[in-house]
$ cat work-v7.txt   # compact mmCIF, C-alpha atoms and all ligand atoms
# COMPACT_ATOMS: atom_id res chain seq x y z
CA MET E 9 -6.29 -41.43 16.57
CA ARG E 10 -8.77 -38.60 17.12
CA ILE E 11 -7.70 -35.00 17.51
CA THR E 12 -8.83 -33.68 20.89
CA ASP E 13 -7.41 -30.15 20.85
CA ALA E 14 -5.86 -27.66 18.43
CA ARG E 15 -4.54 -24.33 19.67
CA VAL E 16 -2.42 -21.46 18.43
CA VAL E 17 0.50 -19.95 20.34
CA VAL E 18 1.96 -16.62 19.24
CA CYS E 19 5.29 -15.78 20.86
CA SER E 20 8.42 -13.73 20.25
CA PRO E 21 11.62 -15.45 21.43
CA GLY E 22 13.95 -13.30 19.31
CA ARG E 23 11.29 -12.70 16.71
CA ASN E 24 7.61 -13.48 16.20
CA TYR E 25 6.49 -17.05 15.62
CA VAL E 26 3.02 -18.55 15.30
CA THR E 27 2.82 -22.21 16.33
CA LEU E 28 -0.09 -24.61 15.95
CA VAL E 29 -0.27 -27.33 18.61
CA VAL E 30 -2.45 -30.37 17.87
CA GLU E 31 -3.22 -32.99 20.55
CA THR E 32 -4.69 -36.46 20.12
CA GLU E 33 -6.65 -38.81 22.36
CA ASP E 34 -3.47 -40.90 22.74
CA GLY E 35 -1.82 -37.97 24.49
CA LEU E 36 0.49 -37.09 21.59
CA THR E 37 1.32 -33.51 20.62
CA GLY E 38 2.16 -32.41 17.09
CA VAL E 39 3.40 -28.94 16.08
CA GLY E 40 3.25 -26.87 12.91
CA ASP E 41 4.74 -23.48 12.02
CA ALA E 42 2.19 -20.83 10.95
CA THR E 43 4.46 -17.78 10.84
CA LEU E 44 3.83 -15.18 8.12
CA ASN E 45 6.30 -12.40 8.81
CA GLY E 46 4.55 -9.07 9.42
CA ARG E 47 1.05 -10.62 9.14
CA GLU E 48 1.24 -13.11 12.03
CA LEU E 49 -2.13 -12.43 13.60
CA ALA E 50 -4.03 -12.91 10.35
CA VAL E 51 -2.90 -16.54 10.23
CA ALA E 52 -3.45 -16.97 13.97
CA SER E 53 -7.05 -15.81 13.53
CA TYR E 54 -7.59 -17.97 10.43
CA LEU E 55 -6.51 -20.98 12.46
CA ARG E 56 -8.22 -20.13 15.75
CA ASP E 57 -11.47 -18.86 14.33
CA HIS E 58 -11.92 -21.08 11.28
CA VAL E 59 -9.70 -24.17 11.32
CA CYS E 60 -9.10 -25.40 14.88
CA PRO E 61 -12.82 -26.03 15.51
CA LEU E 62 -12.88 -28.27 12.40
CA LEU E 63 -9.92 -30.36 13.54
CA VAL E 64 -11.31 -31.61 16.83
CA GLY E 65 -12.71 -35.11 16.35
CA ARG E 66 -10.92 -35.76 13.03
CA ASP E 67 -8.61 -38.75 12.52
CA ALA E 68 -5.09 -37.29 12.68
CA ARG E 69 -3.79 -39.97 10.31
CA ARG E 70 -5.88 -38.75 7.38
CA ILE E 71 -3.35 -36.14 6.26
CA GLU E 72 -4.27 -35.91 2.58
CA ASP E 73 -7.99 -35.79 3.31
CA THR E 74 -7.50 -33.05 5.89
CA TRP E 75 -5.40 -31.06 3.42
CA GLN E 76 -8.09 -31.38 0.72
CA TYR E 77 -10.84 -30.61 3.22
CA LEU E 78 -9.18 -27.34 4.25
CA TYR E 79 -8.11 -26.35 0.71
CA ARG E 80 -11.27 -27.20 -1.23
CA GLY E 81 -13.53 -26.68 1.72
CA ALA E 82 -12.64 -23.00 2.16
CA TYR E 83 -13.93 -22.26 -1.36
CA TRP E 84 -11.63 -19.18 -1.30
CA ARG E 85 -8.42 -20.80 -2.37
CA ARG E 86 -4.71 -20.15 -2.00
CA GLY E 87 -3.07 -16.95 -0.81
CA PRO E 88 -0.41 -16.65 1.88
CA VAL E 89 -2.75 -16.61 4.88
CA THR E 90 -4.84 -19.62 3.88
CA MET E 91 -1.89 -21.69 2.68
CA THR E 92 0.20 -20.94 5.78
CA ALA E 93 -2.69 -22.04 7.98
CA ILE E 94 -3.13 -25.27 5.99
CA ALA E 95 0.63 -25.83 6.16
CA ALA E 96 0.65 -25.63 9.94
CA VAL E 97 -2.06 -28.28 10.20
CA ASP E 98 -0.33 -30.50 7.65
CA VAL E 99 3.06 -30.33 9.38
CA ALA E 100 1.51 -31.02 12.79
CA LEU E 101 -0.21 -34.12 11.38
CA TRP E 102 3.05 -35.42 9.84
CA ASP E 103 4.69 -34.83 13.23
CA LEU E 104 1.96 -36.86 14.93
CA LEU E 105 2.11 -39.66 12.35
CA GLY E 106 5.86 -39.98 12.85
CA GLN E 107 5.40 -40.19 16.60
CA VAL E 108 2.74 -42.89 16.27
CA ALA E 109 4.92 -44.85 13.86
CA GLY E 110 8.02 -44.30 16.01
CA MET E 111 9.85 -42.96 12.97
CA PRO E 112 11.32 -39.64 11.90
CA VAL E 113 9.20 -37.91 9.26
CA HIS E 114 11.81 -38.49 6.54
CA GLN E 115 11.29 -42.25 6.93
CA LEU E 116 7.59 -41.77 6.25
CA LEU E 117 8.51 -39.81 3.11
CA GLY E 118 10.52 -42.69 1.69
CA GLY E 119 13.69 -42.53 3.75
CA ALA E 120 16.96 -40.67 3.33
CA ALA E 121 17.96 -40.20 -0.30
CA ARG E 122 21.27 -38.61 0.78
CA ASP E 123 23.53 -38.48 3.83
CA GLY E 124 22.99 -34.81 4.55
CA VAL E 125 21.41 -31.63 3.27
CA MET E 126 23.73 -28.96 1.86
CA VAL E 127 22.75 -25.61 3.33
CA TYR E 128 23.83 -22.07 2.54
CA GLY E 129 24.38 -19.38 5.11
CA HIS E 130 24.17 -15.61 4.79
CA ALA E 131 27.26 -13.43 4.66
CA SER E 132 26.99 -9.67 4.37
CA GLY E 133 28.78 -6.42 5.03
CA THR E 134 28.40 -2.69 4.88
CA THR E 135 31.74 -2.76 3.04
CA LEU E 136 33.32 -5.44 0.87
CA ASP E 137 36.00 -5.95 3.53
CA ASP E 138 33.31 -6.59 6.14
CA LEU E 139 31.71 -9.03 3.74
CA SER E 140 35.02 -10.87 3.33
CA ARG E 141 35.32 -11.28 7.10
CA ASP E 142 31.80 -12.72 7.25
CA VAL E 143 32.54 -15.12 4.38
CA GLU E 144 35.71 -16.22 6.22
CA ALA E 145 33.68 -16.85 9.37
CA HIS E 146 31.23 -19.02 7.42
CA LEU E 147 34.02 -20.96 5.72
CA ALA E 148 35.57 -21.56 9.15
CA GLN E 149 32.27 -23.09 10.27
CA GLY E 150 32.37 -25.44 7.30
CA TYR E 151 29.83 -23.87 4.94
CA LYS E 152 30.17 -25.03 1.33
CA ALA E 153 27.69 -22.46 0.04
CA ILE E 154 27.27 -18.82 1.07
CA ARG E 155 24.86 -16.08 0.07
CA VAL E 156 26.66 -12.75 -0.33
CA GLN E 157 25.04 -9.32 0.06
CA ALA E 158 26.69 -5.94 0.65
CA ALA E 159 25.56 -2.37 1.02
CA VAL E 160 25.19 -0.70 -2.36
CA PRO E 161 27.19 2.54 -2.39
CA GLY E 162 24.77 5.43 -2.66
CA ILE E 163 21.77 3.50 -1.35
CA ASP E 164 20.73 3.79 2.25
CA LYS E 165 19.88 0.47 4.01
CA THR E 166 20.48 -2.23 1.42
CA TYR E 167 18.41 -5.42 1.70
CA GLY E 168 20.27 -8.31 3.32
CA VAL E 169 22.78 -6.28 5.28
CA PRO E 170 22.05 -6.53 9.01
CA PRO E 171 22.74 -3.78 11.47
CA GLY E 172 23.99 -6.12 14.21
CA ASP E 173 24.46 -9.83 14.78
CA GLY E 174 23.67 -11.05 11.30
CA LEU E 175 20.48 -12.85 12.23
CA LEU E 176 17.93 -10.06 11.94
CA TYR E 177 18.35 -7.78 8.99
CA GLU E 178 14.76 -6.73 8.57
CA PRO E 179 14.47 -3.81 10.95
CA ALA E 180 12.18 -4.13 13.91
CA SER E 181 9.60 -1.40 13.60
CA GLY E 182 6.34 -1.70 15.48
CA GLU E 183 4.25 1.30 14.52
CA VAL E 184 4.69 1.57 10.78
CA PRO E 185 7.12 -0.06 8.32
CA GLN E 186 10.56 1.44 7.85
CA GLU E 187 10.92 3.13 4.45
CA ASP E 188 13.96 2.17 2.36
CA VAL E 189 15.09 3.84 -0.85
CA TRP E 190 15.84 1.90 -4.03
CA GLU E 191 17.86 2.94 -7.05
CA THR E 192 18.24 0.23 -9.68
CA THR E 193 21.13 1.82 -11.58
CA ALA E 194 23.38 1.93 -8.52
CA TYR E 195 22.59 -1.72 -7.72
CA LEU E 196 23.18 -2.96 -11.27
CA ASP E 197 26.54 -1.20 -11.36
CA PHE E 198 27.58 -2.62 -8.00
CA ALA E 199 26.45 -6.26 -8.16
CA PRO E 200 29.20 -7.46 -10.56
CA THR E 201 31.80 -5.73 -8.35
CA LEU E 202 30.42 -7.58 -5.35
CA LEU E 203 30.63 -11.00 -6.99
CA ALA E 204 34.04 -10.22 -8.53
CA HIS E 205 35.34 -9.28 -5.09
CA VAL E 206 34.18 -12.56 -3.54
CA ARG E 207 35.73 -14.67 -6.32
CA ALA E 208 38.97 -12.68 -6.20
CA GLU E 209 39.25 -13.19 -2.44
CA PHE E 210 38.00 -16.77 -2.12
CA GLY E 211 38.31 -18.37 -5.54
CA TYR E 212 35.86 -20.77 -7.14
CA GLY E 213 35.89 -23.57 -4.55
CA LEU E 214 32.74 -22.45 -2.79
CA HIS E 215 29.17 -21.95 -3.96
CA VAL E 216 28.26 -18.27 -4.05
CA LEU E 217 24.61 -17.20 -4.06
CA HIS E 218 23.01 -13.78 -4.33
CA ASP E 219 19.47 -12.49 -3.63
CA VAL E 220 18.08 -9.71 -5.84
CA HIS E 221 14.84 -9.63 -3.81
CA HIS E 222 12.32 -8.95 -6.58
CA ARG E 223 13.71 -5.56 -7.60
CA LEU E 224 14.51 -5.66 -11.32
CA THR E 225 12.59 -5.66 -14.57
CA PRO E 226 13.06 -8.74 -16.77
CA ILE E 227 15.50 -7.02 -19.12
CA GLU E 228 17.50 -5.62 -16.19
CA ALA E 229 17.59 -9.12 -14.73
CA GLY E 230 18.83 -10.48 -18.05
CA ARG E 231 21.62 -7.91 -18.02
CA LEU E 232 22.54 -8.74 -14.43
CA GLY E 233 22.60 -12.47 -15.09
CA ARG E 234 24.88 -11.97 -18.07
CA ALA E 235 27.20 -9.63 -16.17
CA LEU E 236 27.57 -12.18 -13.36
CA GLU E 237 28.32 -15.16 -15.61
CA PRO E 238 32.14 -14.90 -15.22
CA TYR E 239 31.74 -15.27 -11.44
CA ARG E 240 29.58 -18.41 -11.80
CA PRO E 241 27.02 -17.79 -9.07
CA PHE E 242 25.21 -20.91 -7.86
CA TRP E 243 22.06 -18.85 -8.51
CA ILE E 244 20.59 -15.40 -8.52
CA GLU E 245 17.43 -15.35 -6.48
CA ASP E 246 14.16 -13.54 -7.14
CA PRO E 247 15.47 -11.30 -9.95
CA THR E 248 11.97 -9.96 -10.67
CA PRO E 249 8.59 -10.02 -8.89
CA ALA E 250 7.71 -13.52 -10.09
CA GLU E 251 3.94 -13.40 -10.25
CA ASP E 252 4.66 -12.59 -13.90
CA GLN E 253 5.85 -16.09 -14.76
CA ALA E 254 6.08 -15.49 -18.52
CA ALA E 255 8.58 -12.67 -17.89
CA PHE E 256 11.19 -15.31 -17.12
CA ARG E 257 11.29 -16.25 -20.81
CA LEU E 258 12.93 -12.89 -21.41
CA ILE E 259 15.46 -13.31 -18.57
CA ARG E 260 16.23 -16.86 -19.68
CA SER E 261 16.90 -15.80 -23.26
CA HIS E 262 19.70 -13.49 -22.10
CA THR E 263 21.69 -15.44 -19.52
CA THR E 264 22.94 -18.85 -18.44
CA THR E 265 23.19 -17.75 -14.78
CA PRO E 266 20.93 -20.17 -12.82
CA LEU E 267 17.69 -18.66 -11.55
CA ALA E 268 15.96 -19.36 -8.24
CA VAL E 269 12.47 -18.19 -7.37
CA GLY E 270 9.59 -18.96 -5.06
CA GLU E 271 9.91 -17.89 -1.43
CA VAL E 272 6.69 -15.87 -1.70
CA PHE E 273 4.77 -18.55 -3.62
CA ASN E 274 1.92 -20.34 -1.89
CA SER E 275 1.00 -23.12 -4.28
CA ILE E 276 1.94 -25.24 -7.27
CA TRP E 277 -0.12 -22.91 -9.44
CA ASP E 278 2.24 -20.01 -8.70
CA CYS E 279 5.13 -21.86 -10.33
CA GLN E 280 3.45 -24.18 -12.83
CA GLN E 281 4.61 -22.22 -15.88
CA LEU E 282 8.05 -21.48 -14.44
CA ILE E 283 8.61 -25.20 -13.94
CA THR E 284 6.94 -26.74 -16.99
CA GLU E 285 8.63 -24.25 -19.36
CA ARG E 286 11.97 -24.80 -17.58
CA LEU E 287 12.28 -21.07 -16.91
CA ILE E 288 14.01 -21.54 -13.54
CA ASP E 289 16.63 -23.88 -12.10
CA TYR E 290 15.61 -23.91 -8.42
CA ILE E 291 12.17 -23.64 -6.84
CA ARG E 292 12.36 -21.97 -3.42
CA THR E 293 8.92 -22.67 -1.98
CA SER E 294 8.91 -23.40 1.76
CA VAL E 295 7.00 -25.86 3.91
CA THR E 296 5.30 -23.08 5.87
CA HIS E 297 4.21 -20.80 3.04
CA ALA E 298 3.41 -23.41 0.39
CA GLY E 299 0.86 -25.65 2.05
CA GLY E 300 2.98 -27.89 4.24
CA ILE E 301 4.93 -31.08 3.59
CA THR E 302 2.08 -32.56 1.52
CA HIS E 303 1.90 -29.70 -0.99
CA LEU E 304 5.61 -28.93 -1.06
CA ARG E 305 6.34 -32.51 -2.05
CA ARG E 306 3.84 -32.15 -4.90
CA ILE E 307 5.63 -29.01 -6.13
CA PHE E 308 9.03 -30.72 -5.95
CA ALA E 309 7.69 -33.80 -7.73
CA LEU E 310 6.47 -31.60 -10.60
CA ALA E 311 9.82 -29.80 -10.61
CA ASP E 312 11.68 -33.12 -10.84
CA LEU E 313 9.92 -33.93 -14.11
CA TYR E 314 11.40 -30.76 -15.64
CA GLY E 315 14.92 -30.86 -14.20
CA VAL E 316 14.22 -28.16 -11.62
CA ARG E 317 15.75 -28.72 -8.17
CA SER E 318 14.60 -27.61 -4.73
CA GLY E 319 16.15 -24.68 -2.88
CA SER E 320 13.77 -23.95 -0.04
CA HIS E 321 13.54 -20.65 1.73
CA GLY E 322 14.88 -21.02 5.28
CA PRO E 323 14.89 -17.62 6.98
CA GLY E 324 14.95 -16.86 10.68
CA ASP E 325 11.41 -15.59 10.36
CA LEU E 326 10.21 -19.18 9.94
CA SER E 327 10.33 -21.07 13.24
CA PRO E 328 12.62 -24.03 14.01
CA VAL E 329 9.56 -26.23 13.39
CA ALA E 330 9.70 -25.13 9.75
CA MET E 331 13.45 -25.76 9.56
CA ALA E 332 13.00 -29.30 10.88
CA ALA E 333 10.16 -30.02 8.45
CA ALA E 334 12.21 -28.65 5.55
CA LEU E 335 15.16 -30.90 6.43
CA HIS E 336 12.96 -34.02 6.48
CA VAL E 337 11.66 -33.15 3.01
CA ASP E 338 15.13 -32.21 1.70
CA LEU E 339 16.64 -35.47 2.89
CA SER E 340 14.02 -37.61 1.16
CA ILE E 341 13.37 -36.11 -2.30
CA PRO E 342 15.32 -37.07 -5.44
CA ASN E 343 15.74 -33.53 -6.80
CA PHE E 344 17.04 -31.70 -3.73
CA GLY E 345 19.27 -28.77 -4.65
CA ILE E 346 20.19 -26.72 -1.60
CA GLN E 347 18.52 -25.46 1.60
CA GLU E 348 18.75 -21.94 3.00
CA TYR E 349 19.75 -21.84 6.67
CA MET E 350 19.73 -18.51 8.40
CA GLY E 351 19.55 -19.81 11.97
CA HIS E 352 17.49 -18.43 14.83
CA ARG E 353 18.06 -15.71 17.32
CA SER E 354 18.41 -16.52 20.95
CA PRO E 355 16.27 -17.26 23.00
CA ALA E 356 14.39 -19.29 20.31
CA GLU E 357 16.23 -22.40 21.59
CA GLU E 358 14.46 -22.06 24.97
CA VAL E 359 11.09 -22.39 23.26
CA PHE E 360 11.89 -24.81 20.42
CA ARG E 361 14.16 -27.75 21.27
CA THR E 362 15.36 -29.33 18.04
CA SER E 363 17.16 -32.52 17.05
CA TYR E 364 18.62 -31.26 13.77
CA SER E 365 22.35 -30.80 13.45
CA PHE E 366 24.94 -28.96 11.32
CA ALA E 367 28.39 -30.25 10.40
CA ASP E 368 30.76 -29.30 7.57
CA GLY E 369 28.12 -27.38 5.64
CA PHE E 370 25.51 -30.13 5.78
CA MET E 371 22.47 -30.52 8.02
CA HIS E 372 20.52 -33.55 9.17
CA PRO E 373 17.06 -33.62 10.77
CA GLY E 374 17.99 -36.31 13.29
CA GLU E 375 16.30 -39.64 14.02
CA GLU E 376 13.74 -38.73 16.66
CA PRO E 377 10.15 -39.81 15.91
CA GLY E 378 8.13 -37.15 14.12
CA LEU E 379 9.77 -33.81 13.35
CA GLY E 380 12.13 -33.99 16.32
CA VAL E 381 11.03 -30.62 17.73
CA THR E 382 9.68 -30.06 21.25
CA PHE E 383 7.70 -26.88 21.74
CA ASP E 384 7.77 -25.52 25.31
CA GLU E 385 4.56 -23.54 25.81
CA GLU E 386 5.58 -22.28 29.24
CA ALA E 387 8.78 -20.85 27.82
CA ALA E 388 6.80 -19.36 24.92
CA ALA E 389 4.58 -17.49 27.40
CA ARG E 390 7.66 -15.63 28.65
CA TYR E 391 8.12 -14.01 25.22
CA PRO E 392 4.94 -12.18 24.22
CA TYR E 393 4.13 -11.13 20.67
CA ALA E 394 5.47 -7.73 19.60
CA PRO E 395 4.03 -6.32 16.36
CA LYS E 396 6.61 -5.73 13.61
CA TYR E 397 6.48 -4.91 9.93
CA LEU E 398 8.84 -5.69 7.10
CA PRO E 399 10.23 -2.54 5.43
CA VAL E 400 8.80 -0.97 2.30
CA ASN E 401 10.76 0.47 -0.63
CA ARG E 402 10.38 3.76 -2.45
CA ARG E 403 12.22 5.03 -5.51
CA LEU E 404 13.98 8.36 -5.45
CA ASP E 405 10.83 10.06 -6.78
CA GLY E 406 8.81 8.68 -3.87
CA SER E 407 6.89 6.02 -5.78
CA MET E 408 6.50 2.58 -4.23
CA HIS E 409 8.84 -0.20 -5.38
CA ASP E 410 8.99 -3.91 -4.53
CA TRP E 411 10.92 -4.57 -1.32
O1 LIG W 501 13.15 -11.22 2.98
O2 LIG W 501 12.12 -14.04 4.92
O3 LIG W 501 16.05 -15.29 0.97
N1 LIG W 501 15.61 -14.78 1.96
C1 LIG W 501 14.81 -13.72 1.97
C2 LIG W 501 14.26 -13.33 3.32
C3 LIG W 501 12.94 -12.58 3.24
C4 LIG W 501 12.23 -12.69 4.57
C5 LIG W 501 10.85 -12.05 4.52
O4 LIG W 501 10.15 -12.32 5.69
O5 LIG W 501 14.57 -13.10 0.97
O6 LIG W 501 15.20 -12.58 4.00
CO CO W 502 15.11 -14.24 -0.73

$ encode --input "work-v7.txt" --output "structure tokens"
Amino acid sequence: MRITDARVVVCSPGRNYVTLVVETEDGLTGVGDATLNGRELAVASYLRDHVCPLLVGRDARRIEDTWQYLYRGAYWRRGPVTMTAIAAVDVALWDLLGQVAGMPVHQLLGGAARDGVMVYGHASGTTLDDLSRDVEAHLAQGYKAIRVQAAVPGIDKTYGVPPGDGLLYEPASGEVPQEDVWETTAYLDFAPTLLAHVRAEFGYGLHVLHDVHHRLTPIEAGRLGRALEPYRPFWIEDPTPAEDQAAFRLIRSHTTTPLAVGEVFNSIWDCQQLITERLIDYIRTSVTHAGGITHLRRIFALADLYGVRSGSHGPGDLSPVAMAAALHVDLSIPNFGIQEYMGHRSPAEEVFRTSYSFADGFMHPGEEPGLGVTFDEEAAARYPYAPKYLPVNRRLDGSMHDW
């Protein structure tokens, strides 16, 4: 099953996506997501200029060998660009293997270990009343778990609060990144009010999640976790910039609020200490940014040994290919925790036709062979790439802060 062509398609049906398309001599087509929000063309070049030429002629069934060849063979290891490129190849090969076998990818991974995958949606509001309406809308759709974010009084443009339809809260700026302002004190004062409001309105029968988005110091995070304990959040996410893994010892020593980390991690090495020292409860690495299905499964297997569950990142800035791949992994692993599901902006559905489904708060990847995603390259050509940056954050004194 030789690979005959590998090409990269960059398109923007609602937002920018980078897709790797791999063809075999049998006439099969596999797809992988290579989207790195705000740095799309770096991954496209890495694939086009350095990886696609190496794929032609290889046996598409040798997934592990191809992964090792690209990882060890680059010499320069890890990092978001390299690992996203490797992920796209890996996911495309799993897609092809499933098609050859006539089985959905989750069957190749050991079969369904559960009936469905619990997902959480995003609710937000510029006021707490707006947030309540959004939570109500999610409950009406059947969600069992909801992430809650609201504008912090006194801070302009809070993370996680969209201007419009709820699917695109990172502003679309082409020339230079938008500059947000961050003030930790205002946030720390407001966050317990936010969670208290949600519990007062909706009780304790739903899972409530909250994303801190890397903005606190470890001791501030410890204080937040402790303050939120009465409201029993499912987790707080990314309390601190987590490249400092040892810092989580300090957070952990101050709170029993569950901790989730990992959407910006690229490899098992980024979370080795967090997992083996049991410093987190959920590891949020994604298929696309952590080396594909092959490497993500390795991370989750390590996590399982230490009682850490999965909670993969699932934003709208990863393509539907990534969502499908995540659901196949989620369905098959023993230590699945929860899956983020932000959905995709129209007209993404014109370009990516998917077989996954949502019902009563649970998703399923479907039973089509491979990933169950069809990528329409003609449709993709109708939506050309439009450069966009994520925002940056500055403190009141003008110094840079983590966004
Ligand atoms: O800011 O995916 O939990 N979700 C998140 C996301 C990230 C974006 C960055 O591209 O934190 O909204
Ligand atoms: Co997040």

$ residues_around --input "work-v7.txt" --residues "Ala120 (chain E)" --least-positions-apart "2" --cutoff "10 Å" --atoms "only C-alpha atoms" --output "PyMOL selection string"
chain E and resi 114-118+122-124+336-342+372

$ write_last_selection --input "work-v7.txt" --atoms "C-alpha atoms" --output "PDB file, in the coordinates of the input"
ATOM      1  CA  HIS E 114      11.810 -38.490   6.540  1.00  0.00           C
ATOM      2  CA  GLN E 115      11.290 -42.250   6.930  1.00  0.00           C
ATOM      3  CA  LEU E 116       7.590 -41.770   6.250  1.00  0.00           C
ATOM      4  CA  LEU E 117       8.510 -39.810   3.110  1.00  0.00           C
ATOM      5  CA  GLY E 118      10.520 -42.690   1.690  1.00  0.00           C
ATOM      6  CA  ARG E 122      21.270 -38.610   0.780  1.00  0.00           C
ATOM      7  CA  ASP E 123      23.530 -38.480   3.830  1.00  0.00           C
ATOM      8  CA  GLY E 124      22.990 -34.810   4.550  1.00  0.00           C
ATOM      9  CA  HIS E 336      12.960 -34.020   6.480  1.00  0.00           C
ATOM     10  CA  VAL E 337      11.660 -33.150   3.010  1.00  0.00           C
ATOM     11  CA  ASP E 338      15.130 -32.210   1.700  1.00  0.00           C
ATOM     12  CA  LEU E 339      16.640 -35.470   2.890  1.00  0.00           C
ATOM     13  CA  SER E 340      14.020 -37.610   1.160  1.00  0.00           C
ATOM     14  CA  ILE E 341      13.370 -36.110  -2.300  1.00  0.00           C
ATOM     15  CA  PRO E 342      15.320 -37.070  -5.440  1.00  0.00           C
ATOM     16  CA  HIS E 372      20.520 -33.550   9.170  1.00  0.00           C
TER      17      HIS E 372
END

$ residues_near_ligand --input "work-v7.txt" --ligand "ligand LIG 501 (chain W)" --cutoff "6 Å" --atoms "all atoms listed in the file" --output "ChimeraX atom specification"
/E:45,221,321,323,325

$ closest_residue --input "work-v7.txt" --among "E:Val400, E:Leu217, E:Ala334, E:Ile346" --to "ligand CO 502 (chain W)" --atoms "only C-alpha atoms and all ligand atoms"
E:Leu217

$ residues_around --input "work-v7.txt" --residues "region 22-30 of chain E" --least-positions-apart "6" --cutoff "6 Å" --atoms "all atoms listed in the file" --output "ChimeraX atom specification"
/E:13-16,37-43,353-355

$ atom_distance --input "work-v7.txt" --atom1 "CA of Val97 (chain E)" --atom2 "CA of Met371 (chain E)"
24.7 Å

$ closest_residue --input "work-v7.txt" --among "E:Glu376, E:Asp98, E:Asp246, E:Glu183" --to "ligand CO 502 (chain W)" --atoms "only C-alpha atoms and all ligand atoms"
E:Asp246

$ closest_atom_pairs --input "work-v7.txt" --of "chain E" --to "ligand CO 502 (chain W)" --cutoff "9 Å" --atoms "all atoms listed in the file" --output "Markdown table"
| residue | atom | partner | partner_atom | distance |
| --- | --- | --- | --- | --- |
| E:Gly168 | CA | W:CO502 | CO | 8.8 |
| E:His218 | CA | W:CO502 | CO | 8.7 |
| E:Asp219 | CA | W:CO502 | CO | 5.5 |
| E:Val220 | CA | W:CO502 | CO | 7.4 |
| E:His221 | CA | W:CO502 | CO | 5.6 |
| E:His222 | CA | W:CO502 | CO | 8.4 |
| E:Glu245 | CA | W:CO502 | CO | 6.3 |
| E:Asp246 | CA | W:CO502 | CO | 6.5 |
| E:Val269 | CA | W:CO502 | CO | 8.2 |
| E:Gly270 | CA | W:CO502 | CO | 8.5 |
| E:Glu271 | CA | W:CO502 | CO | 6.4 |
| E:Val272 | CA | W:CO502 | CO | 8.6 |
| E:Arg292 | CA | W:CO502 | CO | 8.6 |
| E:His321 | CA | W:CO502 | CO | 7.0 |
| E:Pro323 | CA | W:CO502 | CO | 8.4 |

$ write_last_selection --input "work-v7.txt" --atoms "C-alpha atoms" --output "CSV table (one decimal), in the frame of the given file"
chain,number,residue,atom,x,y,z
E,168,GLY,CA,20.3,-8.3,3.3
E,218,HIS,CA,23.0,-13.8,-4.3
E,219,ASP,CA,19.5,-12.5,-3.6
E,220,VAL,CA,18.1,-9.7,-5.8
E,221,HIS,CA,14.8,-9.6,-3.8
E,222,HIS,CA,12.3,-9.0,-6.6
E,245,GLU,CA,17.4,-15.4,-6.5
E,246,ASP,CA,14.2,-13.5,-7.1
E,269,VAL,CA,12.5,-18.2,-7.4
E,270,GLY,CA,9.6,-19.0,-5.1
E,271,GLU,CA,9.9,-17.9,-1.4
E,272,VAL,CA,6.7,-15.9,-1.7
E,292,ARG,CA,12.4,-22.0,-3.4
E,321,HIS,CA,13.5,-20.6,1.7
E,323,PRO,CA,14.9,-17.6,7.0

$ atom_distance --input "work-v7.txt" --atom1 "CA of His130 (chain E)" --atom2 "CA of Trp190 (chain E)"
21.3 Å

$ atom_distance --input "work-v7.txt" --atom1 "CA of Phe256 (chain E)" --atom2 "CA of Arg305 (chain E)"
23.4 Å

$ residues_near_point --input "work-v7.txt" --point "(10.5, 4.6, 1.1)" --cutoff "6 Å" --atoms "all atoms listed in the file" --output "ChimeraX atom specification"
/E:187-189,400-402

$ build_atoms --input "work-v7.txt" --residues "region 405-411 of chain E" --atoms "N, CA, C and O atoms" --output "PDB file, keeping the file's coordinate frame"
ATOM      1  N   ASP E 405      11.927   9.106  -6.553  1.00  0.00           N
ATOM      2  CA  ASP E 405      10.830  10.060  -6.780  1.00  0.00           C
ATOM      3  C   ASP E 405       9.674   9.842  -5.803  1.00  0.00           C
ATOM      4  O   ASP E 405       8.636  10.494  -5.907  1.00  0.00           O
ATOM      5  N   GLY E 406       9.846   8.906  -4.874  1.00  0.00           N
ATOM      6  CA  GLY E 406       8.810   8.680  -3.870  1.00  0.00           C
ATOM      7  C   GLY E 406       7.804   7.609  -4.207  1.00  0.00           C
ATOM      8  O   GLY E 406       6.955   7.258  -3.379  1.00  0.00           O
ATOM      9  N   SER E 407       7.867   7.051  -5.423  1.00  0.00           N
ATOM     10  CA  SER E 407       6.890   6.020  -5.780  1.00  0.00           C
ATOM     11  C   SER E 407       7.269   4.676  -5.132  1.00  0.00           C
ATOM     12  O   SER E 407       8.447   4.401  -4.884  1.00  0.00           O
ATOM     13  N   MET E 408       6.269   3.871  -4.883  1.00  0.00           N
ATOM     14  CA  MET E 408       6.500   2.580  -4.230  1.00  0.00           C
ATOM     15  C   MET E 408       7.213   1.626  -5.190  1.00  0.00           C
ATOM     16  O   MET E 408       6.940   1.598  -6.385  1.00  0.00           O
ATOM     17  N   HIS E 409       8.119   0.823  -4.620  1.00  0.00           N
ATOM     18  CA  HIS E 409       8.840  -0.200  -5.380  1.00  0.00           C
ATOM     19  C   HIS E 409       8.747  -1.499  -4.592  1.00  0.00           C
ATOM     20  O   HIS E 409       8.457  -1.491  -3.403  1.00  0.00           O
ATOM     21  N   ASP E 410       9.014  -2.624  -5.250  1.00  0.00           N
ATOM     22  CA  ASP E 410       8.990  -3.910  -4.530  1.00  0.00           C
ATOM     23  C   ASP E 410      10.133  -3.944  -3.525  1.00  0.00           C
ATOM     24  O   ASP E 410      11.257  -3.550  -3.841  1.00  0.00           O
ATOM     25  N   TRP E 411       9.854  -4.455  -2.319  1.00  0.00           N
ATOM     26  CA  TRP E 411      10.920  -4.570  -1.320  1.00  0.00           C
ATOM     27  C   TRP E 411      11.619  -5.913  -1.425  1.00  0.00           C
ATOM     28  O   TRP E 411      11.033  -6.934  -1.641  1.00  0.00           O
TER      29      TRP E 411
END
